[in-house]
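Next comes query10.cif, with mmCIF, C-alpha atoms.
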```cif
data_upload
loop_
_atom_site.label_atom_id
_atom_site.label_comp_id
_atom_site.auth_asym_id
_atom_site.auth_seq_id
_atom_site.Cartn_x
_atom_site.Cartn_y
_atom_site.Cartn_z
CA MET A 263 0.00 0.00 0.00
CA ILE A 264 1.00 3.59 -0.57
CA VAL A 265 0.46 6.11 2.21
CA LEU A 266 1.03 9.78 1.42
CA VAL A 267 1.74 12.09 4.35
CA GLY A 268 1.30 15.61 3.05
CA ALA A 269 -0.18 19.03 3.64
CA ASN A 270 -0.20 22.48 2.11
CA LYS A 271 1.68 23.87 5.10
CA GLY A 272 5.07 23.24 6.65
CA GLY A 273 5.88 22.62 10.29
CA CYS A 274 2.89 20.40 10.99
CA GLY A 275 4.70 17.13 11.67
CA LYS A 276 4.74 15.33 8.33
CA SER A 277 8.23 13.84 8.60
CA THR A 278 7.67 12.96 12.25
CA THR A 279 4.51 11.09 11.29
CA VAL A 280 6.23 9.23 8.44
CA ILE A 281 9.23 8.20 10.53
CA ASN A 282 7.19 6.92 13.44
CA LEU A 283 4.74 5.04 11.23
CA ALA A 284 7.63 3.47 9.32
CA VAL A 285 9.13 2.05 12.50
CA ALA A 286 5.71 0.83 13.67
CA PHE A 287 5.21 -1.09 10.42
CA ALA A 288 8.78 -2.42 10.45
CA LYS A 289 8.45 -3.67 14.02
CA ASP A 290 5.33 -5.52 12.87
CA GLY A 291 7.42 -7.35 10.29
CA LYS A 292 6.33 -5.33 7.26
CA ASP A 293 8.74 -4.48 4.44
CA VAL A 294 8.78 -0.66 4.51
CA LEU A 295 10.14 2.00 2.19
CA ILE A 296 10.10 5.75 2.79
CA ILE A 297 10.09 7.96 -0.29
CA ASP A 298 11.66 11.23 0.85
CA ALA A 299 10.25 13.78 -1.58
CA ASP A 300 10.90 16.78 0.66
CA ARG A 301 14.12 18.61 -0.21
CA GLN A 302 14.70 19.35 3.48
CA SER A 303 15.57 15.61 3.61
CA THR A 304 14.51 15.07 7.23
CA ALA A 305 13.70 11.40 6.68
CA SER A 306 16.95 10.80 4.80
CA HIS A 307 19.07 12.39 7.54
CA TRP A 308 17.19 10.36 10.14
CA SER A 309 17.82 7.14 8.21
CA SER A 310 21.54 7.93 7.97
CA ASP A 311 21.71 8.54 11.72
CA ARG A 312 19.83 5.29 12.31
CA GLU A 313 22.24 3.32 10.16
CA GLU A 314 25.30 4.98 11.73
CA ASN A 315 24.00 4.16 15.21
CA LYS A 316 23.24 0.56 14.10
CA ILE A 317 19.59 0.74 15.11
CA HIS A 318 17.36 -2.09 13.91
CA PRO A 319 15.12 -2.57 12.09
CA PHE A 320 16.79 -0.55 9.36
CA ILE A 321 14.38 1.60 7.35
CA GLN A 322 15.21 2.11 3.68
CA VAL A 323 14.75 5.65 2.37
CA LEU A 324 14.76 6.68 -1.28
CA GLN A 325 15.04 10.34 -2.27
CA LYS A 326 12.90 11.15 -5.29
CA TYR A 327 11.37 14.35 -6.64
CA ASP A 328 8.97 15.73 -9.27
CA ASN A 329 6.49 13.21 -10.76
CA LEU A 330 6.45 10.24 -8.39
CA GLN A 331 3.84 8.18 -10.24
CA PRO A 332 6.25 6.01 -12.29
CA THR A 333 8.44 5.24 -9.29
CA LEU A 334 5.50 4.39 -7.05
CA LYS A 335 3.88 2.15 -9.65
CA GLU A 336 7.16 0.31 -10.14
CA LEU A 337 7.83 -0.17 -6.42
CA LYS A 338 4.29 -0.87 -5.20
CA ASN A 339 4.63 -4.63 -5.61
CA LYS A 340 8.14 -4.74 -4.12
CA TYR A 341 7.24 -3.30 -0.71
CA LYS A 342 4.35 -4.03 1.60
CA VAL A 343 4.24 -0.40 2.72
CA ILE A 344 5.48 2.74 0.98
CA LEU A 345 5.31 5.96 2.99
CA VAL A 346 5.74 9.18 1.01
CA ASP A 347 6.99 12.32 2.77
CA VAL A 348 6.44 15.50 0.76
CA ALA A 349 7.15 19.18 1.29
CA GLY A 350 4.65 21.40 3.09
CA ARG A 351 3.19 23.07 0.02
CA ASN A 352 1.21 22.48 -3.16
CA SER A 353 3.97 20.42 -4.74
CA ARG A 354 4.24 18.25 -7.82
CA GLU A 355 5.38 15.44 -5.56
CA MET A 356 2.22 15.59 -3.46
CA LEU A 357 -0.16 15.95 -6.38
CA SER A 358 1.37 13.10 -8.37
CA THR A 359 1.32 10.79 -5.34
CA MET A 360 -2.36 11.53 -4.73
CA LEU A 361 -3.10 9.91 -8.09
CA VAL A 362 -1.79 6.50 -6.97
CA ALA A 363 -1.95 6.49 -3.14
CA ASP A 364 -4.33 4.34 -1.13
CA LEU A 365 -4.40 6.74 1.80
CA MET A 366 -3.42 10.34 2.43
CA ILE A 367 -2.75 11.50 5.97
CA CYS A 368 -2.72 15.27 6.35
CA PRO A 369 -1.13 16.33 9.66
CA LEU A 370 -2.33 19.72 10.89
CA GLN A 371 -2.26 21.68 14.11
CA CYS A 372 -5.45 23.10 15.54
CA SER A 373 -4.62 26.61 14.35
CA GLN A 374 -6.36 28.83 11.83
CA PRO A 375 -3.40 29.00 9.42
CA ASP A 376 -3.23 25.19 9.36
CA LEU A 377 -6.96 24.56 9.08
CA ASP A 378 -7.39 27.21 6.39
CA THR A 379 -5.32 25.00 4.06
CA LEU A 380 -8.16 22.46 3.96
CA ASN A 381 -9.98 24.53 1.35
CA GLU A 382 -7.03 24.13 -1.02
CA LEU A 383 -6.73 20.44 -0.15
CA LYS A 384 -10.41 19.96 -0.93
CA GLU A 385 -9.84 21.18 -4.49
CA GLN A 386 -6.76 18.96 -4.88
CA VAL A 387 -8.61 15.88 -3.62
CA THR A 388 -11.52 16.56 -5.94
CA ARG A 389 -9.22 16.72 -8.97
CA ALA A 390 -7.25 13.66 -7.87
CA GLY A 391 -10.51 11.78 -7.40
CA ASP A 392 -11.14 11.89 -11.14
CA PHE A 393 -8.13 9.58 -11.56
CA ASN A 394 -7.99 7.88 -8.16
CA PRO A 395 -11.53 7.61 -6.77
CA ASP A 396 -10.42 5.15 -4.07
CA LEU A 397 -8.09 7.62 -2.35
CA LYS A 398 -8.97 8.03 1.33
CA VAL A 399 -8.00 11.28 3.03
CA TYR A 400 -7.66 11.60 6.80
CA ILE A 401 -6.78 14.75 8.74
CA TYR A 402 -4.48 14.05 11.68
CA GLN A 403 -4.29 16.52 14.56
CA THR A 404 -0.68 17.09 15.55
CA MET A 405 1.15 18.97 18.30
CA ALA A 406 -2.03 19.12 20.36
CA SER A 407 -1.89 20.69 23.78
CA THR A 408 -1.39 18.39 26.77
CA ASN A 409 -2.91 21.03 29.07
CA THR A 410 -5.97 19.37 30.60
CA LYS A 411 -7.75 22.72 30.79
CA VAL A 412 -7.74 23.25 27.02
CA LYS A 413 -7.10 19.90 25.31
CA ASP A 414 -10.74 18.80 25.10
CA ASN A 415 -11.95 22.12 23.72
CA GLU A 416 -9.07 22.22 21.25
CA ARG A 417 -9.89 18.72 20.05
CA GLN A 418 -13.55 19.59 19.59
CA GLU A 419 -12.68 22.73 17.62
CA PHE A 420 -10.46 20.64 15.37
CA LEU A 421 -13.19 18.05 14.77
CA ASN A 422 -15.83 20.69 14.14
CA TYR A 423 -13.70 22.30 11.45
CA VAL A 424 -12.70 19.08 9.71
CA ASN A 425 -16.25 17.74 9.77
CA GLN A 426 -17.35 20.61 7.54
CA PHE A 427 -15.64 18.82 4.64
CA ALA A 428 -17.28 15.75 3.19
CA GLU A 429 -14.04 14.91 1.37
CA PHE A 430 -12.11 14.21 4.60
CA LYS A 431 -12.35 12.28 7.82
CA ALA A 432 -10.63 13.22 11.05
CA CYS A 433 -8.25 10.66 12.48
CA GLN A 434 -9.44 9.26 15.79
CA SER A 435 -5.85 9.26 17.01
CA THR A 436 -4.13 12.48 18.06
CA ASN A 437 -0.50 13.54 18.29
CA TYR A 438 0.39 15.68 21.31
CA PHE A 439 3.23 18.15 21.66
CA ARG A 440 5.97 16.16 23.36
CA LYS A 441 9.72 16.80 23.35
CA VAL A 442 10.39 13.09 22.89
CA TYR A 443 9.40 13.28 19.22
CA LYS A 444 12.27 15.67 18.45
CA ASP A 445 14.71 13.88 20.73
CA THR A 446 14.21 10.45 19.20
CA ILE A 447 14.43 11.68 15.60
CA SER A 448 17.76 13.38 16.34
CA GLU A 449 19.06 9.96 17.46
CA GLY A 450 17.78 8.03 14.45
CA LYS A 451 14.99 6.51 16.51
CA ALA A 452 11.21 6.57 16.77
CA VAL A 453 9.19 7.09 19.94
CA LEU A 454 8.38 3.36 19.96
CA GLU A 455 12.06 2.93 20.76
CA SER A 456 11.82 5.25 23.76
CA ASN A 457 10.43 4.81 27.27
CA ASN A 458 7.75 7.46 26.81
CA ASN A 459 4.53 5.52 27.30
CA ASP A 460 2.25 8.39 26.29
CA ALA A 461 4.01 8.88 22.94
CA ASN A 462 4.11 5.12 22.37
CA THR A 463 0.36 4.96 22.91
CA GLU A 464 -0.21 7.80 20.43
CA ILE A 465 1.82 6.20 17.64
CA ASN A 466 0.36 2.75 18.25
CA ALA A 467 -3.12 4.26 18.00
CA LEU A 468 -2.28 5.93 14.68
CA TYR A 469 -0.67 2.74 13.38
CA LEU A 470 -3.71 0.62 14.21
CA GLU A 471 -6.00 3.23 12.68
CA VAL A 472 -4.02 3.29 9.43
CA LYS A 473 -4.11 -0.51 9.23
CA SER A 474 -7.87 -0.47 9.79
CA VAL A 475 -8.52 2.22 7.15
CA VAL A 476 -6.59 0.40 4.41
CA GLY A 477 -7.71 -3.08 5.45
CA GLU A 478 -4.19 -4.22 6.30
CA ASN A 479 -3.76 -7.31 8.46
#
```

As structure tokens, please, write out the structure in this file.
Amino acid sequence: MIVLVGANKGGCGKSTTVINLAVAFAKDGKDVLIIDADRQSTASHWSSDREENKIHPFIQVLQKYDNLQPTLKELKNKYKVILVDVAGRNSREMLSTMLVADLMICPLQCSQPDLDTLNELKEQVTRAGDFNPDLKVYIYQTMASTNTKVKDNERQEFLNYVNQFAEFKACQSTNYFRKVYKDTISEGKAVLESNNNDANTEINALYLEVKSVVGEN
């Protein structure tokens, strides 16, 4: 299966989501490939650190840009899971992947600048649907507040906004703002390889949700 992690805004946790999902799939015995189509190369640097630190399982990363359709069609039968990390903008890489992906996860914070990008994404999904009507699009709340006084209201605001769009569904799982996400990536790890139980629970929830959405056993 091909899972695109993309958004029309940077700084919303796309690479973090890709890296942590990749390790979750790999630990479950799945053959995983990350396509790093973001020229910031976060996933590629992470993979290099992981290899240098001899952390297993090793996650293969391929850097590829522009039209990704031919590459994805060629590799789809060679890997159980392909995760595509694209830049935070309306890129050729994102649009071409939407035409062949099984699932798109759009990470966004509960902020007006982030949520405003859903109008543009709606138009992109509508156009992609003419060629890939089976594409599923889920909006994943990232960097949510852990403050118990505001987290429930923030979550409800996020859901209320996303639910205005028939083209999307909101992920049931949520990513919270935790320092461990940055710390583990800088070491070539994922949070599943840390002792942070809260972050582990968050990524496991997302992983199980992705498997359920795409019908993966």

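For the choices A:Ser448, A:Thr463, A:Thr359, A:Thr333, the atom-to-atom distance to Ala390 in chain A is smallest for A:Thr359 when using all atoms listed in the file.
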
Distance table requested - range 342-378 of chain A against range 287-309 of chain A, cut-off 9 Å, all atoms listed in the file: one row per qualifying residue with the closest atom pair and its distance in Å to one decimal, ordered by chain and rising residue number, as JSON lines.
```
{"residue": "A:Lys342", "atom": "CA", "partner": "A:Asp293", "partner_atom": "CA", "distance": 5.2}
{"residue": "A:Val343", "atom": "CA", "partner": "A:Val294", "partner_atom": "CA", "distance": 4.9}
{"residue": "A:Ile344", "atom": "CA", "partner": "A:Leu295", "partner_atom": "CA", "distance": 4.9}
{"residue": "A:Leu345", "atom": "CA", "partner": "A:Ile296", "partner_atom": "CA", "distance": 4.8}
{"residue": "A:Val346", "atom": "CA", "partner": "A:Ile297", "partner_atom": "CA", "distance": 4.7}
{"residue": "A:Asp347", "atom": "CA", "partner": "A:Asp298", "partner_atom": "CA", "distance": 5.2}
{"residue": "A:Val348", "atom": "CA", "partner": "A:Asp300", "partner_atom": "CA", "distance": 4.6}
{"residue": "A:Ala349", "atom": "CA", "partner": "A:Asp300", "partner_atom": "CA", "distance": 4.5}
{"residue": "A:Gly350", "atom": "CA", "partner": "A:Asp300", "partner_atom": "CA", "distance": 8.1}
{"residue": "A:Glu355", "atom": "CA", "partner": "A:Ala299", "partner_atom": "CA", "distance": 6.5}
{"residue": "A:Met356", "atom": "CA", "partner": "A:Ala299", "partner_atom": "CA", "distance": 8.4}
```

Report task. For Arg417 in chain A, list every protein, DNA or RNA residue within 12 Å, evaluated using all atoms listed in the file, and leave out those in the same chain fewer than 4 positions away; present the list as a ChimeraX atom specification. Result -> /A:370-373,402-413,421-424,432-438

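Between Leu377 in chain A and the candidates A:Ala269, A:Ile321, A:Gly477, A:Asn394, the tightest atom-to-atom separation, counting only C-alpha atoms, involves A:Ala269.
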
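The space separating CA of Gly391 in chain A from CA of Gly268 in chain A comes to 16.2 Å.
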
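Among the candidates A:Ile465, A:Ala428, A:Val362, A:Ile401, the one nearest to Thr379 in chain A when counting all atoms listed in the file is A:Ile401.
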
Requested in this report: Apply the PyMOL selection byres ((chain A and resi 430) around 12) to the file shown and report the selected residues as a list in words.
Outcome: Leu365, Met366, Ile367, Cys368, Leu380, Asn381, Leu383, Lys384, Glu385, Gln386, Val387, Thr388, Leu397, Lys398, Val399, Tyr400, Ile401, Tyr402, Leu421, Tyr423, Val424, Asn425, Gln426, Phe427, Ala428, Glu429, Lys431, Ala432 and Cys433 of chain A

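We find CA of Ser353 in chain A and CA of Tyr443 in chain A to be spaced 25.6 Å apart.
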
Can you pull out the residues contacting range 445-447 of chain A? Cut-off 8 Å, using only C-alpha atoms, and skip same-chain residues under 5 positions away; I want them as a PDB file with C-alpha atoms, in the frame of the given file.
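Output contents, as saved in selection02.pdb:
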```pdb
ATOM      1  CA  THR A 278       7.670  12.960  12.250  1.00  0.00           C
ATOM      2  CA  TRP A 308      17.190  10.360  10.140  1.00  0.00           C
ATOM      3  CA  ALA A 452      11.210   6.570  16.770  1.00  0.00           C
ATOM      4  CA  VAL A 453       9.190   7.090  19.940  1.00  0.00           C
ATOM      5  CA  GLU A 455      12.060   2.930  20.760  1.00  0.00           C
ATOM      6  CA  SER A 456      11.820   5.250  23.760  1.00  0.00           C
TER       7      SER A 456
END
```

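Note that the spacing between CA of Lys473 in chain A and CA of Leu330 in chain A amounts to 23.2 Å.
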
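Each of A:Asp396, A:Pro375, A:Gly272, A:Ala286 was checked against Glu471 in chain A using only C-alpha atoms; the smallest atom-to-atom distance is that of A:Ala286.
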
Edge lengths and centre in Å to one decimal, as AutoDock Vina command-line options, is what I'm after for the box along x, y and z that holds all listed atoms of range 325-336 of chain A once 8 Å is added on each side.
```
--center_x 9.4 --center_y 8.0 --center_z -7.3 --size_x 27.2 --size_y 31.4 --size_z 26.0
```

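Among the candidates A:Phe320, A:Asn282, A:Ile264, A:Arg312, the one nearest to Ala363 in chain A when counting only C-alpha atoms is A:Ile264.
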
For range 348-370 of chain A, write N, CA and C atoms out as a short mmCIF file (atom, residue, chain, number, x, y, z; two decimals), in the first residue's frame.
```
data_model
loop_
_atom_site.label_atom_id
_atom_site.label_comp_id
_atom_site.auth_asym_id
_atom_site.auth_seq_id
_atom_site.Cartn_x
_atom_site.Cartn_y
_atom_site.Cartn_z
N VAL A 348 6.31 14.40 1.72
CA VAL A 348 6.44 15.50 0.76
C VAL A 348 6.57 16.83 1.48
N ALA A 349 6.97 17.85 0.73
CA ALA A 349 7.15 19.18 1.29
C ALA A 349 5.81 19.79 1.69
N GLY A 350 5.86 20.77 2.59
CA GLY A 350 4.65 21.40 3.09
C GLY A 350 4.15 22.50 2.17
N ARG A 351 3.73 22.10 0.99
CA ARG A 351 3.19 23.07 0.02
C ARG A 351 2.50 22.31 -1.10
N ASN A 352 1.88 23.05 -1.99
CA ASN A 352 1.21 22.48 -3.16
C ASN A 352 2.29 22.06 -4.16
N SER A 353 2.82 20.85 -3.96
CA SER A 353 3.97 20.42 -4.74
C SER A 353 3.59 19.39 -5.79
N ARG A 354 4.44 19.28 -6.81
CA ARG A 354 4.24 18.25 -7.82
C ARG A 354 4.34 16.86 -7.21
N GLU A 355 5.21 16.73 -6.22
CA GLU A 355 5.38 15.44 -5.56
C GLU A 355 4.09 15.01 -4.86
N MET A 356 3.45 15.93 -4.16
CA MET A 356 2.22 15.59 -3.46
C MET A 356 1.09 15.28 -4.44
N LEU A 357 0.94 16.13 -5.44
CA LEU A 357 -0.16 15.95 -6.38
C LEU A 357 -0.03 14.66 -7.18
N SER A 358 1.19 14.33 -7.59
CA SER A 358 1.37 13.10 -8.37
C SER A 358 1.16 11.87 -7.51
N THR A 359 1.53 11.94 -6.24
CA THR A 359 1.32 10.79 -5.34
C THR A 359 -0.16 10.58 -5.05
N MET A 360 -0.92 11.65 -4.98
CA MET A 360 -2.36 11.53 -4.73
C MET A 360 -3.05 10.70 -5.80
N LEU A 361 -2.47 10.63 -6.98
CA LEU A 361 -3.10 9.91 -8.09
C LEU A 361 -2.94 8.40 -7.97
N VAL A 362 -2.03 7.94 -7.09
CA VAL A 362 -1.79 6.50 -6.97
C VAL A 362 -1.85 6.00 -5.52
N ALA A 363 -1.97 6.89 -4.55
CA ALA A 363 -1.95 6.49 -3.14
C ALA A 363 -3.26 5.82 -2.73
N ASP A 364 -3.14 4.95 -1.74
CA ASP A 364 -4.33 4.34 -1.13
C ASP A 364 -4.89 5.23 -0.02
N LEU A 365 -4.00 5.92 0.66
CA LEU A 365 -4.40 6.74 1.80
C LEU A 365 -3.53 7.98 1.85
N MET A 366 -4.15 9.11 2.15
CA MET A 366 -3.42 10.34 2.43
C MET A 366 -3.70 10.75 3.86
N ILE A 367 -2.64 10.96 4.62
CA ILE A 367 -2.75 11.50 5.97
C ILE A 367 -2.25 12.93 5.93
N CYS A 368 -3.09 13.85 6.35
CA CYS A 368 -2.72 15.27 6.35
C CYS A 368 -2.57 15.73 7.79
N PRO A 369 -1.33 15.85 8.29
CA PRO A 369 -1.13 16.33 9.66
C PRO A 369 -1.34 17.84 9.73
N LEU A 370 -2.11 18.29 10.70
CA LEU A 370 -2.33 19.72 10.89
C LEU A 370 -2.48 20.02 12.37
#
```
